[in-house]
Amino acid sequence: MPVSNHDIAVLFERMAVFLELDGANAFRIRAYQNAGRIIEGLTRNLAEAVLQGEDVTRFAGIGKDLAGKIREIVASGTFQQLAELEARLPKILLEMISIPGLGPKRARRVWENLSIHSIPDLKAAAENGKIRTLPGFGAKLEEQIQKGIAFRESQYNRILWSEAEIIARSLCAYLENIPGVQKVEVAGSYRRKKETVGDLDILAVCSQAEAVNRAFRSYPGVSEILAQGGTKSSVILHGGMQIDLRVIAKESYGAALHYFTGSQSHNIAIRKMAQQRRIKINEYGVFKNQLHVAGKTEEEVFRQVGLPYIPPELREMTGEIEAAQAGRLPQLASREQLRGDLHCHTDETDGALSLPEIAAAAHELGYEYIGITDHSQHVSVAMGLDEKRLRQQLLAIDKTNAKLKNITLLKGIEVDILDNGRLDLPDSILKELDFTVCSIHSKFNLPEDQQTERILRAMDNPYFTILGHPTGRLLGSRPAYAVHMERIILKAAECGCFLELNAHPERLDLSDMHCRLAKEKNVLVAVSSDAHNRVGLENVRFGINQARRGWLEAKDILNTRPLKVLRRLLRR
DNA sequence: GCCGTTTTCGGCCCGACTGTTTTCAGTCG
C-alpha cells in the first residue's frame with residue numbers, strides 16, 4: 001500500500017519543526033510547512049502519482065528538491081535529511097516546544113544549558129529556579145513554563161464543534177451585553193466549521209476597546225488570564241478552553257474578520273496577492289500607500305485582490321483561490337435545501353420515537369420524506385430487527401403512511417455488513433424495501449485490504465443503497481477503520497450506490513476531503529442524522545457544516561432530491 | 001526551499017503582547 005498524502009505531510013511538518021529547532025532559514029522552514037499543508041489538501045494520492053512517473057512539481061509549493069524528497073518517502077517511508085536531524089536533535093525538544101511560551105529558540109537554549117532529557121527534568125529545573133538564571137529568561141517566563149507543564153498534564157485537547165458552539169453562544173451573549181459593543185462574531189476554525197475546535201477567536205466591534213477587554217477578562221467562566229492588552233486579551237476558561245478576544249473599530253470589521261477567520265495559509269496567500277497589486281492587507285484594512293481603501297466588509301477585502309467572496313468553510317488553501325479566480329466556486333449546500341433524512345431509528349429498536357412521532361417531527365423540519373432505518377439483527381444490543389420483525393414494521397409503515405399528508409415514511413433498514421461482506425438480512429426481505437443503509441458495526445481492526453474488500457463485496461449486493469458512516473470513526477475517541485476510500489468511492493460510482501455523511505457531531509463521517517473525492521467521482525452523498533430522538537434529527541445541520549467544508553452543493557447531495565426523483569435514484 | 005507581468009536572484013504576510021531589556025527578541029495567531 002503506497003504512503004498516504006497525510007503521511008508525507010506529517011513528515012514535512014516534522015522536518016519544519018526540526019529545522020526550526022536547528023535555527024534554519026525561516027523561509028526554508030515555511031517551504032516545508034507550506035508543502036505539508038498543500039499535500040494534506042490534495043485529493044489525488046501523491047505516492048500513486050509518483051509511482052506512475054508523474055512530475056509532482058506541477059503542484060504549487062513543490063519544487064525540484066521537495067519532489068525528490070517525496071520520491072524518497074515513497075520508496076523508503078522517510079527521507080535522509082529528516083533522519084539526520086532526528087538523529088542529531090533529541091525528541092525532548094519537540095515536547096518542549098509544545099509548551100506555551102517555549103518556542104524553538106528558548107527550548108534549545110534551555111536544553112543546551114541545563115541538560116534537560118525529559119519533561120520532569122524541565123519541571124524540576126523550573127521549580128529549582130534554574131531557568132531564570134539563563135540569559136533572556138526571568139522569573140515570569142519560568143512561572144509560565146511551570147504553568148504550561150501543568151496545563152499539558154491536564155490533557156486538554158480539541159473539542160467537538162457542537163460543544164464549542166455552546167461555549168461560543170454563552171460568551172457572545174455576555175459580550176453583546178457590554179455597553180458600546182455593536183457586534184460580536186466568532187472567527188477562527190469555529191467559523192470555518194472545522195469538526196473539532198481548539199480555541200475560540202472572538203471579534204467585537206466597539207469604539208471603547210479597553211473597556212470591552214476588561215469586561216471580557218472578568219467573564220465568570222474565566223480561570224486564567226494569559227494576555228491583556230488594549231485591543232486584545234487571551235483567557236483560559238474553566239474546563240481548559242482558550243479564548244482570544246480582539247476588539248476593532250467598525251471600519252476594520254471585514255478585514256479583521258477575514259484575518260481572524262484564517263486559515264493562516266489562506267491569509268498568507270491573500271496577502272501575497274495584495275503585495276503583487278502594491279497594496280497591503282492587515283487586520284485593520286486594505287491600504288494603498290498607507291491610505292485605508294477598504295476593510296469594512298470581507299467582500300471589500302476579496303474585491304481588492306480581484307476575487308469574489310469565498311465562504312469561510314472553503315478557506316483552507318485547498319484550491320479555493322484558484323476556483324474563485326476561475327469563477328468556479330461552489331454554491332455551498334444549506335440545511336434548507338434538504339428535503340428529507342435517510343437515517344433514523346425508532347422505538348422498535350434503540351430509538352425513542354414512534355413512527356407517527358417521527359413523521360410529525362420530520363414534517364415540522366419541512367421535509368417531504370424520512371427514511372426509517374432501524375438496526376438489523378446482528379446489532380443485538382440495540383434489539384436489531386430480524387426478518388419477521390422487519391416485515392411487521394413494513395406493515396406498520398404502510399398503515400402510518402396511509403394516514404399521513406405531506407410527508408412520506410420510506411422503508412429502510414440499517415443493515416450490518418458482516419465480516420464476510422454479506423448483508424445481515426436475506427435479499428428476500430431487502431427487496432421489499434425502498435433502500436438500505438449498510439454499515440459496519442463489528443471487526444473494526446481488519447487490515448485495510450480486508451476491510452476494503454468487505455465493503456466492496458457488500459456493494460455487489462443489488463440491494464445495497466447507502467454506505468453508512470463510511471469509516472466508523474468517533475472524533476476524539478475511536479479512529480477510523482482502515483479502508484481505501486478511493487476504491488470504495490469508485491466502486492460506488494460503478495454500482496450506482498451512495499455514501500452517507502453521518503451528521504452525528506461525534507462522527508461527521510465522511511471527512512471533508514472524502515466529500516470532495518465523492519463529488520469529483522460523481523457519487524452523491526446522503527447527509528443523514530442517524531437520529532435516535534427528536535433533537536437528534538436536527539444534527540443534520542452539523543452534517544451540512546461538514547458537507548460545505550467538502551465543497552458539496554445541493555446537486556451533490558442525495559436527500560436534496562424531491563421524493564419522485566429520489567425513488568428513482570434509490571433503485572439501482 | 002519556492003517562485004517569477006519587478007523571472008534565475010532576491011524576495012518571501014503582518015501585527016499584538018510579553019518579558020527582559022533599555023530597544024527588541026521571541027512567541028503566537
# chains A, B, ... in the order shown; residues from 1 in each chain; ligands from 1
>>> interface_residues(of="chain B", to="chain A", cutoff="9 Å", atoms="only C-alpha atoms (C1' of nucleotides)", output="tab-separated table (two decimals) with C-alpha atoms (C1' of nucleotides), in the first residue's frame")
chain	number	residue	atom	x	y	z
B	1	DG	C1'	13.18	25.74	-0.35
B	2	DC	C1'	9.89	28.02	-3.72
B	3	DC	C1'	8.95	31.24	-7.22
B	12	DC	C1'	9.15	35.60	0.87
B	13	DC	C1'	2.15	38.21	5.41
B	14	DC	C1'	1.60	41.03	9.25
B	15	DG	C1'	0.91	42.76	13.81
B	16	DA	C1'	-0.01	42.36	19.22
B	17	DC	C1'	1.69	41.17	23.54
B	18	DT	C1'	5.16	39.73	26.97
B	19	DG	C1'	9.30	39.71	29.33
B	20	DT	C1'	13.66	41.12	29.59
B	21	DT	C1'	15.65	44.50	28.27
B	25	DA	C1'	13.74	39.11	20.54
B	26	DG	C1'	10.60	35.56	20.98
B	27	DT	C1'	6.19	33.72	20.66
B	28	DC	C1'	1.68	33.42	18.95
B	29	DG	C1'	-2.10	33.53	15.83
>>> residues_around(residues="segment 298-302 of chain A", least_positions_apart="5", cutoff="7 Å", atoms="only C-alpha atoms (C1' of nucleotides)", output="list in words")
Gly254, Ala255, His258, Val286, Leu307, Pro308 and Tyr309 of chain A
>>> select_by_dssp(residues="segment 119-291 of chain A", states="helix (DSSP H, G or I)", output="PyMOL selection string")
chain A and resi 119-127+131-133+139-153+161-176+188-191+209-217+250-261+264-276
>>> residues_around(residues="Ile116 of chain A", least_positions_apart="4", cutoff="10 Å", atoms="only C-alpha atoms (C1' of nucleotides)", output="short mmCIF file (atom, residue, chain, number, x, y, z; two decimals) with C-alpha atoms, in the first residue's frame")
data_model
loop_
_atom_site.label_atom_id
_atom_site.label_comp_id
_atom_site.auth_asym_id
_atom_site.auth_seq_id
_atom_site.Cartn_x
_atom_site.Cartn_y
_atom_site.Cartn_z
CA PRO A 90 16.66 14.95 20.83
CA ILE A 92 12.57 16.19 24.15
CA LEU A 93 12.91 19.41 22.14
CA MET A 96 9.29 21.26 24.94
CA ALA A 107 13.67 25.42 24.13
CA ARG A 108 17.04 24.99 22.54
CA VAL A 110 17.18 25.59 27.99
CA TRP A 111 18.15 22.18 26.66
CA GLU A 112 21.74 23.17 25.90
CA PRO A 120 10.08 16.06 34.58
CA ASP A 121 13.66 17.38 34.22
CA LEU A 122 12.23 20.62 32.86
CA LYS A 123 9.70 20.79 35.65
CA ALA A 124 12.44 20.31 38.25
CA ALA A 125 14.63 22.98 36.63
#
>>> residues_around(residues="Ala333 of chain A", least_positions_apart="4", cutoff="9 Å", atoms="only C-alpha atoms (C1' of nucleotides)", output="list in words")
Gln337, Leu338, Ile544, Asn545, Ala547, Arg548, Trp551, Leu552, Glu553, Ala554, Lys555, Asp556 and Ile557 of chain A
>>> atom_distance(atom1="atom CA of Gly366 of chain A", atom2="atom CA of Asn539 of chain A")
14.6 Å
>>> closest_residue(among="A:Ala126, A:Ile202, A:Val212, A:Ile372", to="Ala187 of chain A", atoms="only C-alpha atoms")
A:Ile202
